[in-house]
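Here is data01.cif, consisting of mmCIF, C-alpha atoms:
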data_start
#
loop_
_atom_site.label_atom_id
_atom_site.label_comp_id
_atom_site.auth_asym_id
_atom_site.auth_seq_id
_atom_site.Cartn_x
_atom_site.Cartn_y
_atom_site.Cartn_z
CA MET A 16 -20.68 -26.41 2.28
CA ASP A 17 -20.14 -29.88 3.75
CA ILE A 18 -17.70 -30.57 6.56
CA GLN A 19 -15.08 -32.31 4.42
CA GLU A 20 -14.99 -29.44 1.90
CA THR A 21 -14.70 -26.97 4.79
CA ILE A 22 -11.76 -28.92 6.22
CA LYS A 23 -10.06 -29.09 2.81
CA ILE A 24 -10.09 -25.28 2.52
CA MET A 25 -9.37 -24.78 6.22
CA LEU A 26 -6.18 -26.85 6.09
CA LYS A 27 -4.78 -25.45 2.82
CA GLY A 28 -1.20 -24.37 3.54
CA VAL A 29 -1.51 -25.10 7.27
CA ASN A 30 1.64 -26.30 9.01
CA GLU A 31 0.13 -27.95 12.11
CA HIS A 32 -3.41 -28.32 13.39
CA THR A 33 -5.67 -30.02 15.88
CA GLN A 34 -6.56 -33.64 15.08
CA ILE A 35 -9.00 -33.98 12.18
CA SER A 36 -11.48 -35.84 14.39
CA ASP A 37 -11.57 -32.86 16.82
CA ILE A 38 -12.07 -30.44 13.92
CA GLU A 39 -14.94 -32.57 12.58
CA GLU A 40 -16.54 -32.68 16.03
CA LYS A 41 -16.28 -28.89 16.42
CA LEU A 42 -17.80 -28.27 12.97
CA LYS A 43 -20.67 -30.69 13.68
CA LYS A 44 -21.37 -28.97 17.00
CA VAL A 45 -21.56 -25.43 15.58
CA SER A 46 -23.73 -26.75 12.73
CA GLU A 47 -26.12 -28.34 15.24
CA GLU A 48 -26.20 -25.05 17.17
CA ASN A 49 -26.89 -23.25 13.87
CA ARG A 50 -24.16 -20.69 14.36
CA PRO A 51 -20.82 -19.81 12.73
CA LEU A 52 -17.41 -20.65 14.14
CA ARG A 53 -16.00 -17.97 16.44
CA ILE A 54 -12.51 -17.45 15.01
CA LYS A 55 -10.00 -15.78 17.32
CA LEU A 56 -6.89 -13.90 16.28
CA GLY A 57 -4.85 -11.80 18.65
CA LEU A 58 -2.78 -8.90 17.32
CA ASP A 59 -0.14 -7.45 19.61
CA PRO A 60 0.10 -3.91 18.23
CA SER A 61 3.85 -3.46 18.18
CA ALA A 62 4.66 -3.82 14.45
CA PRO A 63 1.67 -2.57 12.44
CA ASP A 64 3.22 -2.40 8.96
CA ILE A 65 1.70 -5.54 7.41
CA HIS A 66 3.39 -7.46 4.59
CA LEU A 67 2.38 -10.72 2.86
CA GLY A 68 4.08 -12.73 5.60
CA HIS A 69 1.87 -11.16 8.28
CA ALA A 70 -1.14 -11.54 6.00
CA VAL A 71 -0.92 -15.36 5.80
CA VAL A 72 -3.10 -15.81 8.90
CA LEU A 73 -5.49 -13.05 7.82
CA ARG A 74 -5.98 -14.72 4.42
CA LYS A 75 -6.90 -17.97 6.16
CA ILE A 76 -9.47 -16.15 8.28
CA LYS A 77 -10.90 -14.54 5.13
CA GLN A 78 -11.31 -18.00 3.57
CA LEU A 79 -13.23 -19.12 6.66
CA GLN A 80 -15.34 -15.95 6.53
CA ASP A 81 -16.22 -16.73 2.91
CA MET A 82 -17.66 -20.01 4.22
CA GLY A 83 -19.91 -18.09 6.63
CA HIS A 84 -17.83 -17.96 9.80
CA GLU A 85 -17.06 -14.91 11.94
CA ALA A 86 -13.79 -13.46 13.15
CA ILE A 87 -13.04 -11.82 16.46
CA ILE A 88 -9.85 -9.80 16.19
CA ILE A 89 -8.32 -8.92 19.52
CA ILE A 90 -6.23 -5.79 19.56
CA GLY A 91 -3.89 -6.60 22.43
CA ASP A 92 -3.83 -3.15 23.96
CA PHE A 93 -3.39 -4.65 27.44
CA THR A 94 -0.99 -7.48 26.55
CA GLY A 95 0.81 -5.09 24.22
CA MET A 96 1.97 -3.09 27.21
CA ILE A 97 3.81 -6.23 28.38
CA GLY A 98 5.09 -7.27 24.95
CA ASP A 99 5.07 -10.84 23.69
CA PRO A 100 8.34 -12.47 24.88
CA THR A 101 8.14 -15.10 22.10
CA GLY A 102 11.54 -15.55 20.48
CA LYS A 103 13.11 -12.78 22.55
CA SER A 104 16.40 -13.18 24.38
CA LYS A 105 15.62 -10.41 26.83
CA THR A 106 12.68 -8.62 28.42
CA ARG A 107 10.78 -6.52 25.89
CA LYS A 108 10.38 -2.78 26.36
CA GLN A 109 6.81 -2.08 27.41
CA LEU A 110 4.75 0.04 25.03
CA THR A 111 3.10 3.20 26.29
CA ARG A 112 -0.67 3.64 26.06
CA GLN A 113 -0.21 6.20 23.28
CA GLU A 114 2.05 3.85 21.28
CA VAL A 115 -0.46 1.01 21.65
CA GLU A 116 -3.38 3.17 20.48
CA GLU A 117 -1.46 4.55 17.48
CA ASN A 118 -0.38 1.07 16.39
CA ALA A 119 -3.88 -0.35 16.90
CA SER A 120 -5.34 2.38 14.68
CA THR A 121 -2.82 1.54 11.94
CA TYR A 122 -3.65 -2.17 12.22
CA LYS A 123 -7.37 -1.50 11.74
CA GLN A 124 -6.68 0.46 8.56
CA GLN A 125 -4.75 -2.48 7.12
CA ILE A 126 -6.60 -5.64 8.19
CA PHE A 127 -9.77 -4.67 6.33
CA LYS A 128 -7.85 -4.77 3.07
CA ILE A 129 -8.13 -8.52 3.66
CA LEU A 130 -10.93 -9.35 6.09
CA ASP A 131 -14.69 -9.00 5.53
CA GLU A 132 -15.57 -6.13 7.86
CA SER A 133 -19.21 -7.25 8.07
CA LYS A 134 -18.08 -10.58 9.55
CA THR A 135 -15.40 -9.17 11.83
CA THR A 136 -15.64 -7.93 15.40
CA LEU A 137 -12.80 -5.89 16.87
CA ARG A 138 -12.22 -6.14 20.61
CA TYR A 139 -9.58 -4.73 22.94
CA ASN A 140 -8.46 -7.17 25.62
CA SER A 141 -8.20 -4.37 28.17
CA GLU A 142 -12.03 -4.70 28.31
CA TRP A 143 -11.72 -7.87 30.40
CA LEU A 144 -8.09 -7.91 31.57
CA SER A 145 -8.04 -4.48 33.19
CA PRO A 146 -10.99 -5.20 35.57
CA LEU A 147 -9.55 -8.51 36.85
CA THR A 148 -9.11 -8.47 40.62
CA PHE A 149 -5.92 -9.70 42.24
CA LYS A 150 -7.86 -12.73 43.48
CA GLU A 151 -8.92 -13.57 39.91
CA ILE A 152 -5.36 -13.15 38.67
CA ILE A 153 -4.11 -15.58 41.32
CA GLU A 154 -6.83 -18.07 40.31
CA LEU A 155 -5.74 -17.77 36.68
CA SER A 156 -2.04 -18.22 37.48
CA ALA A 157 -2.84 -21.29 39.58
CA LYS A 158 -3.95 -23.08 36.41
CA CYS A 159 -0.37 -23.31 35.07
CA THR A 160 2.85 -24.54 36.67
CA VAL A 161 6.27 -22.89 36.46
CA ALA A 162 7.59 -26.12 34.91
CA ARG A 163 4.99 -25.81 32.12
CA ILE A 164 5.93 -22.17 31.48
CA LEU A 165 9.62 -23.08 31.33
CA GLU A 166 8.86 -25.58 28.56
CA ARG A 167 8.72 -22.57 26.28
CA ASP A 168 11.95 -22.61 24.33
CA ASP A 169 12.74 -18.90 24.75
CA PHE A 170 12.11 -18.96 28.52
CA LYS A 171 14.09 -22.19 28.87
CA LYS A 172 17.11 -20.80 27.02
CA ARG A 173 17.11 -17.57 29.00
CA TYR A 174 16.75 -19.43 32.31
CA GLU A 175 19.58 -21.86 31.50
CA ALA A 176 21.81 -18.99 30.33
CA GLY A 177 21.21 -17.09 33.55
CA GLN A 178 19.50 -14.24 31.70
CA PRO A 179 16.83 -12.34 33.64
CA ILE A 180 13.14 -13.19 33.18
CA SER A 181 10.64 -10.85 34.79
CA VAL A 182 7.61 -12.45 36.46
CA HIS A 183 5.23 -10.32 34.38
CA GLU A 184 6.46 -12.09 31.20
CA PHE A 185 5.01 -15.37 32.50
CA PHE A 186 1.59 -13.75 32.44
CA TYR A 187 1.62 -13.09 28.69
CA PRO A 188 0.61 -16.63 27.57
CA LEU A 189 -1.86 -16.83 30.46
CA MET A 190 -3.56 -13.59 29.45
CA GLN A 191 -3.68 -14.64 25.79
CA ALA A 192 -5.27 -17.91 26.92
CA TYR A 193 -7.79 -16.04 29.08
CA ASP A 194 -8.85 -14.09 25.96
CA SER A 195 -10.07 -17.44 24.54
CA VAL A 196 -12.10 -18.09 27.69
CA VAL A 197 -13.81 -14.69 27.59
CA LEU A 198 -14.65 -15.01 23.88
CA LYS A 199 -15.57 -18.73 24.04
CA ALA A 200 -13.36 -19.13 20.97
CA ASP A 201 -14.02 -22.14 18.71
CA ILE A 202 -10.77 -21.80 16.76
CA GLU A 203 -7.59 -19.80 17.15
CA LEU A 204 -5.04 -19.13 14.41
CA GLY A 205 -1.45 -18.06 14.57
CA GLY A 206 2.03 -18.55 13.21
CA THR A 207 4.13 -21.54 14.24
CA ASP A 208 5.98 -19.20 16.61
CA GLN A 209 2.74 -18.89 18.62
CA THR A 210 2.27 -22.62 19.26
CA PHE A 211 2.85 -22.46 23.03
CA ASN A 212 0.57 -19.45 23.58
CA ILE A 213 -2.30 -20.85 21.52
CA LEU A 214 -2.17 -24.35 23.01
CA MET A 215 -2.25 -22.70 26.42
CA GLY A 216 -5.67 -21.34 25.40
CA ARG A 217 -6.97 -24.90 24.86
CA ASN A 218 -5.76 -25.94 28.32
CA ILE A 219 -7.16 -22.92 30.13
CA GLN A 220 -10.55 -23.26 28.40
CA ARG A 221 -10.81 -26.82 29.75
CA ASP A 222 -10.01 -25.52 33.25
CA TYR A 223 -12.90 -23.04 32.92
CA GLY A 224 -15.28 -25.79 31.79
CA GLN A 225 -15.36 -24.86 28.09
CA ASP A 226 -14.90 -26.99 24.99
CA PRO A 227 -11.30 -26.36 23.89
CA GLN A 228 -10.71 -24.35 20.74
CA ILE A 229 -9.30 -26.05 17.68
CA THR A 230 -6.01 -24.65 16.42
CA LEU A 231 -4.42 -23.84 13.08
CA PHE A 232 -0.73 -22.94 12.88
CA MET A 233 0.36 -21.23 9.68
CA PRO A 234 3.98 -21.44 8.53
CA LEU A 235 6.24 -18.41 8.42
CA LEU A 236 6.43 -17.21 4.82
CA GLU A 237 9.85 -16.96 3.20
CA GLY A 238 10.62 -13.69 1.46
CA LEU A 239 11.83 -12.89 -2.04
CA ASP A 240 15.12 -14.72 -1.42
CA GLY A 241 13.25 -17.97 -0.72
CA VAL A 242 15.36 -18.56 2.41
CA GLU A 243 14.83 -16.03 5.20
CA LYS A 244 11.47 -15.26 6.79
CA MET A 245 9.82 -12.30 5.06
CA SER A 246 11.03 -9.22 6.88
CA LYS A 247 11.11 -5.52 6.20
CA SER A 248 14.52 -5.25 7.88
CA LEU A 249 15.93 -7.82 5.42
CA GLY A 250 14.41 -6.05 2.42
CA ASN A 251 12.83 -9.32 1.16
CA TYR A 252 9.22 -8.31 1.82
CA ILE A 253 6.10 -7.45 -0.20
CA GLY A 254 3.97 -4.88 1.62
CA ILE A 255 0.20 -5.05 1.27
CA ASN A 256 0.08 -1.26 0.90
CA GLU A 257 2.60 -1.13 -1.94
CA ASP A 258 1.31 0.11 -5.27
CA ALA A 259 0.08 -2.46 -7.81
CA ASN A 260 3.10 -2.22 -10.11
CA THR A 261 5.60 -2.68 -7.30
CA MET A 262 3.63 -5.58 -5.82
CA TYR A 263 3.41 -7.38 -9.17
CA GLU A 264 7.12 -6.84 -9.91
CA LYS A 265 8.20 -8.09 -6.47
CA ILE A 266 6.10 -11.26 -6.79
CA MET A 267 7.79 -11.97 -10.12
CA LYS A 268 11.12 -11.99 -8.21
CA ILE A 269 10.23 -14.92 -5.93
CA GLN A 270 12.11 -18.17 -6.45
CA ASP A 271 10.43 -20.64 -8.84
CA GLU A 272 10.28 -23.30 -6.14
CA MET A 273 8.20 -20.92 -3.98
CA ILE A 274 5.34 -20.56 -6.49
CA ILE A 275 3.09 -23.24 -4.97
CA ARG A 276 3.86 -22.10 -1.43
CA TYR A 277 2.80 -18.54 -2.31
CA TYR A 278 -0.36 -19.89 -3.95
CA GLU A 279 -1.17 -21.79 -0.75
CA LEU A 280 -0.36 -19.03 1.73
CA CYS A 281 -1.00 -15.77 -0.12
CA THR A 282 -4.11 -16.45 -2.23
CA ASP A 283 -7.66 -17.74 -1.83
CA VAL A 284 -7.30 -20.12 -4.78
CA HIS A 285 -9.05 -23.45 -4.11
CA PRO A 286 -6.79 -26.42 -3.17
CA ASP A 287 -7.99 -28.39 -6.23
CA GLN A 288 -6.87 -25.57 -8.54
CA ILE A 289 -3.49 -25.45 -6.81
CA THR A 290 -3.10 -29.18 -7.42
CA GLU A 291 -3.67 -28.51 -11.13
CA ILE A 292 -1.10 -25.68 -11.09
CA GLN A 293 1.39 -28.08 -9.49
CA ARG A 294 0.66 -30.59 -12.28
CA ARG A 295 1.36 -27.94 -14.92
CA LEU A 296 4.72 -27.11 -13.37
CA SER A 297 5.63 -30.79 -13.00
CA SER A 298 4.78 -31.30 -16.68
CA GLY A 299 7.41 -28.76 -17.70
CA GLU A 300 5.41 -25.56 -18.19
CA ASN A 301 7.54 -22.42 -18.00
CA PRO A 302 7.42 -21.27 -14.34
CA LYS A 303 7.41 -17.64 -15.50
CA ASN A 304 3.95 -18.09 -17.05
CA VAL A 305 2.58 -19.53 -13.80
CA LYS A 306 4.32 -16.85 -11.75
CA MET A 307 2.68 -14.12 -13.84
CA GLU A 308 -0.71 -15.66 -13.03
CA LEU A 309 0.27 -15.69 -9.34
CA ALA A 310 1.44 -12.07 -9.44
CA LYS A 311 -1.82 -10.98 -11.08
CA GLU A 312 -3.91 -12.94 -8.55
CA ILE A 313 -2.17 -11.48 -5.48
CA THR A 314 -2.17 -7.96 -6.92
CA ARG A 315 -5.91 -8.28 -7.63
CA LEU A 316 -6.57 -9.26 -4.00
CA TYR A 317 -5.00 -6.07 -2.63
CA HIS A 318 -5.94 -3.64 -5.38
CA SER A 319 -8.48 -4.41 -8.13
CA GLU A 320 -8.89 -6.39 -11.34
CA GLU A 321 -8.23 -3.23 -13.36
CA LEU A 322 -5.02 -2.31 -11.52
CA ALA A 323 -3.81 -5.93 -11.67
CA ASN A 324 -4.29 -5.92 -15.45
CA LYS A 325 -2.42 -2.62 -15.74
CA ALA A 326 0.40 -3.96 -13.55
CA GLU A 327 0.70 -6.96 -15.83
CA GLU A 328 0.93 -4.72 -18.92
CA HIS A 329 3.48 -2.53 -17.15
CA PHE A 330 5.57 -5.60 -16.37
CA LYS A 331 5.41 -6.89 -19.93
CA SER A 332 6.51 -3.50 -21.26
CA ALA A 333 9.20 -2.71 -18.69
CA PHE A 334 10.62 -6.15 -17.99
CA GLN A 335 10.05 -8.20 -21.13
CA MET A 336 10.49 -5.53 -23.82
CA GLN A 337 12.79 -3.38 -21.65
CA VAL A 338 10.94 -0.19 -22.62
CA ALA A 339 10.33 2.60 -20.14
CA PRO A 340 6.59 2.75 -19.39
CA GLU A 341 4.55 5.89 -20.01
CA ASP A 342 3.94 6.32 -16.28
CA VAL A 343 7.64 6.03 -15.39
CA ALA A 344 8.42 7.15 -11.83
CA GLU A 345 10.07 10.55 -11.53
CA ILE A 346 13.00 11.47 -9.30
CA VAL A 347 13.50 15.16 -8.56
CA ILE A 348 17.08 16.22 -7.80
CA GLU A 349 18.67 19.60 -7.24
CA ASP A 350 22.23 18.90 -8.35
CA ALA A 351 22.99 16.75 -11.40
CA ASN A 352 26.51 16.15 -10.07
CA ASN A 353 25.42 15.03 -6.60
CA VAL A 354 25.40 11.25 -7.00
CA ASN A 355 24.60 10.64 -3.33
CA GLU A 356 21.42 12.69 -3.66
CA LEU A 357 20.36 10.50 -6.59
CA LEU A 358 21.15 7.27 -4.71
CA ASP A 359 19.17 8.51 -1.70
CA LYS A 360 16.15 9.23 -3.90
CA ILE A 361 16.37 5.83 -5.63
CA LEU A 362 16.59 4.12 -2.23
CA LEU A 363 13.31 5.83 -1.23
CA SER A 364 11.55 3.83 -3.98
CA GLY A 365 11.66 0.83 -1.61
CA LYS A 366 12.98 -1.50 -4.30
CA TYR A 367 16.47 -1.78 -2.84
CA ALA A 368 17.77 -2.68 0.61
CA SER A 369 20.65 -0.18 0.66
CA LYS A 370 22.73 2.24 -1.40
CA GLY A 371 25.38 -0.49 -1.41
CA GLU A 372 23.03 -2.75 -3.36
CA ILE A 373 22.45 -0.01 -5.95
CA LYS A 374 26.21 0.56 -6.31
CA ARG A 375 26.75 -3.18 -6.85
CA LEU A 376 24.23 -3.10 -9.70
CA PHE A 377 26.34 -0.42 -11.35
CA LEU A 378 29.45 -2.61 -11.04
CA GLN A 379 27.52 -5.56 -12.49
CA GLY A 380 26.65 -3.53 -15.60
CA ALA A 381 22.95 -3.51 -14.74
CA VAL A 382 22.46 0.27 -14.96
CA LYS A 383 21.82 2.35 -18.07
CA VAL A 384 21.30 6.08 -18.47
CA ASP A 385 19.51 6.98 -21.71
CA ASN A 386 20.34 3.45 -22.96
CA GLU A 387 24.08 3.85 -22.24
CA LYS A 388 25.54 1.35 -19.76
CA ILE A 389 27.26 2.96 -16.77
CA ILE A 390 29.68 0.83 -14.70
CA ASP A 391 31.05 3.46 -12.30
CA PHE A 392 28.24 5.39 -10.61
CA ARG A 393 30.63 8.35 -10.28
CA ASP A 394 30.55 8.66 -14.09
CA LEU A 395 26.86 9.57 -14.08
CA LYS A 396 26.06 12.60 -16.22
CA LEU A 397 22.40 13.47 -15.82
CA LYS A 398 20.18 16.01 -17.46
CA ASN A 399 16.51 16.87 -17.25
CA ASP A 400 14.29 14.00 -18.51
CA SER A 401 17.17 11.49 -18.51
CA ILE A 402 15.88 7.91 -18.16
CA ILE A 403 17.85 5.75 -15.75
CA GLN A 404 17.25 1.99 -15.85
CA ILE A 405 18.40 -0.16 -12.93
CA GLY A 406 18.28 -3.89 -13.51
CA LYS A 407 15.30 -5.34 -15.32
CA GLY A 408 12.24 -3.16 -15.49
CA ASN A 409 13.08 -0.44 -12.94
CA PHE A 410 12.99 2.90 -14.76
CA TYR A 411 13.20 6.44 -13.37
CA LYS A 412 12.92 9.79 -15.12
CA ILE A 413 15.21 12.49 -13.78
CA LYS A 414 13.71 15.90 -13.16
CA MET A 415 15.97 18.82 -12.28
CA LYS A 416 14.77 21.44 -9.83
#
Would you encode the structure as structure tokens?
Amino acid sequence: MDIQETIKIMLKGVNEHTQISDIEEKLKKVSEENRPLRIKLGLDPSAPDIHLGHAVVLRKIKQLQDMGHEAIIIIGDFTGMIGDPTGKSKTRKQLTRQEVEENASTYKQQIFKILDESKTTLRYNSEWLSPLTFKEIIELSAKCTVARILERDDFKKRYEAGQPISVHEFFYPLMQAYDSVVLKADIELGGTDQTFNILMGRNIQRDYGQDPQITLFMPLLEGLDGVEKMSKSLGNYIGINEDANTMYEKIMKIQDEMIIRYYELCTDVHPDQITEIQRRLSSGENPKNVKMELAKEITRLYHSEELANKAEEHFKSAFQMQVAPEDVAEIVIEDANNVNELLDKILLSGKYASKGEIKRLFLQGAVKVDNEKIIDFRDLKLKNDSIIQIGKGNFYKIKMK
């Protein structure tokens, strides 16, 4: 693959990046040395439940792997015990060794749903950070001024507000930068919230006599509401471990104006194909048709072609024809008159943010039991094998204990 084609795929969906001329120079150099790019990604193992928002950077790495390059994933077991202060208004609670190891194990189970394991090396930064002598730590800290550290927006705000900043927090970006030195990283990826930390790596590499890494900053993906950053706490997320039907259905709920953004950030579809999809939408094609293609593509990436096809058929049956599918989810309850028990079980499906949301759907006339609309959830009269429909396409079969 030529350099310009590589850059086209590399920059798909990217928010900010190193100058094109520097990227071209780096690609020429690794080509002359007949080796792949060394791609660095650091994972601070404090929130290991990955959703599509977290996966944006991993998808970009997979696209680079498909072009022959290699990834080095750093499990930040050492830095994780400090906790990344990025975006925090107070000092983070330090993770215990056991917490770090449990989270790291969960991360490894998830990242290989995306990355090519044969082109991925996993490293723990305790390998090189733990043995550093105090003299070496002082030498590292001498490569950055306090004024430079306080340029970080979160540190600056806390300092100006008189909020405490512990000295150890200043070492987080320095240690992340030192990871790049040890690995001789050619490129580092991260979200836009990691800009300061990753650019620090470029600066520190220069100080250690290395060619600075190029950088790619991926945008933060908006969730199903199209406004807030995808977040499990906000209930607007799509988890990569969710079953195929749920994943497909959730993707169909994204805002129409987010279709191209999801194509760019959540799929491996070539930029030229995305340009054609944009043309189709601009020409007046029904966004639902394009969104169904998107839902099938993303579901295929995390499951299989077969399960993506079945999810599409399930959606057509449940959402378009409003017919309960054959494999309708079952909810087992002990007391037909205990509405709270039913709401608790429905909430466990992960499709709703709270019981309050489910109650609002009742009030909006969006709930049917055996095809009869129920407005007041207290009027529910359930029996064994009752079918409850909530909104479009969400069906549950009631089973009595």
Selection under test: the PyMOL selection byres ((chain A and resi 266) around 8); residues as a ChimeraX atom specification: /A:239,253,262-265,267-269,306,309-310
Distance of CA of Ile275 in chain A from CA of Asn304 in chain A, expressed in Å to one decimal place: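 Separating CA of Asn304 in chain A from CA of Ile275 in chain A is a distance of 13.2 Å.
What the PyMOL selection byres ((chain A and resi 193-196) around 8) matches in the given file is Lys55, Asn140, Leu189, Met190, Gln191, Ala192, Val197, Leu198, Lys199, Ala200, Gly216, Ile219, Gln220, Tyr223, Gln225 and Gln228 of chain A.
Between CA of Leu316 in chain A and CA of His285 in chain A there is a distance of 14.4 Å.
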Point (0.1, -9.2, -6.7) neighbourhood (12 Å, all atoms listed in the file) written as JSON, numbers by chain: {"A": [66, 67, 253, 254, 255, 256, 257, 258, 259, 260, 261, 262, 263, 264, 265, 266, 267, 268, 269, 277, 278, 281, 282, 306, 307, 308, 309, 310, 311, 312, 313, 314, 315, 316, 317, 318, 319, 320, 322, 323, 324, 325, 326, 327, 330]}
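If all atoms listed in the file are the atoms counted, then among A:Lys27, A:Thr136, A:Leu110, A:Val71 the closest residue to Met245 in chain A is A:Val71.
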Residues within 12 Å of Glu154 in chain A, only C-alpha atoms, excluding chain neighbours under 2 positions, as a list in words: Leu147, Thr148, Phe149, Lys150, Glu151, Ile152, Ser156, Ala157, Lys158, Cys159, Leu189, Tyr193, Ile219, Asp222 and Tyr223 of chain A
Expected residue set, 12 Å radius at (-5.6, -26.9, 6.7), only C-alpha atoms, as an NGL selection string: :A and (19-35 or 38 or 72 or 75-76 or 78-79 or 204 or 229-234 or 279-280 or 285-286)
Evaluate the PyMOL selection byres ((chain A and resi 365) around 12) against this structure - the residues, as a CSV table (one decimal) with C-alpha atoms, keeping the file's coordinate frame, please.
chain,number,residue,atom,x,y,z
A,247,LYS,CA,11.1,-5.5,6.2
A,248,SER,CA,14.5,-5.2,7.9
A,249,LEU,CA,15.9,-7.8,5.4
A,250,GLY,CA,14.4,-6.0,2.4
A,251,ASN,CA,12.8,-9.3,1.2
A,252,TYR,CA,9.2,-8.3,1.8
A,253,ILE,CA,6.1,-7.4,-0.2
A,254,GLY,CA,4.0,-4.9,1.6
A,257,GLU,CA,2.6,-1.1,-1.9
A,258,ASP,CA,1.3,0.1,-5.3
A,261,THR,CA,5.6,-2.7,-7.3
A,262,MET,CA,3.6,-5.6,-5.8
A,265,LYS,CA,8.2,-8.1,-6.5
A,358,LEU,CA,21.2,7.3,-4.7
A,359,ASP,CA,19.2,8.5,-1.7
A,360,LYS,CA,16.2,9.2,-3.9
A,361,ILE,CA,16.4,5.8,-5.6
A,362,LEU,CA,16.6,4.1,-2.2
A,363,LEU,CA,13.3,5.8,-1.2
A,364,SER,CA,11.6,3.8,-4.0
A,366,LYS,CA,13.0,-1.5,-4.3
A,367,TYR,CA,16.5,-1.8,-2.8
A,368,ALA,CA,17.8,-2.7,0.6
A,369,SER,CA,20.6,-0.2,0.7
A,370,LYS,CA,22.7,2.2,-1.4
A,373,ILE,CA,22.4,0.0,-6.0
A,409,ASN,CA,13.1,-0.4,-12.9
A:Glu345, A:Asp385, A:Glu39, A:Glu372 ranked by distance to Lys412 in chain A, top pick (using only C-alpha atoms):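 Nearest to Lys412 in chain A: A:Glu345.
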Point-to-point distance in Å for CA of Asn49 in chain A and CA of Asp17 in chain A: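 Those two atoms sit 13.9 Å apart.
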Minimum-distance residue to Ile164 in chain A, chosen among A:Met415, A:Ile126, A:Met215, A:Ile88 (using only C-alpha atoms):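 The shortest atom-to-atom distance to Ile164 in chain A comes from A:Met215.
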Nearest-residue call for Val45 in chain A, choices A:Asp201, A:Glu328, A:Glu272, A:Glu300, using only C-alpha atoms: A:Asp201
Pick from A:Asp169, A:Ser36, A:Lys77, A:Arg50, whichever lies nearest to Val284 in chain A using all atoms listed in the file: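 For Val284 in chain A, the nearest of the given residues is A:Lys77.
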Nearest to Thr135 in chain A, chosen from A:Asn399, A:Asn301, A:Gln80, A:Gln209, with all atoms listed in the file counted in the distances: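 Smallest separation from Thr135 in chain A among the options: A:Gln80.
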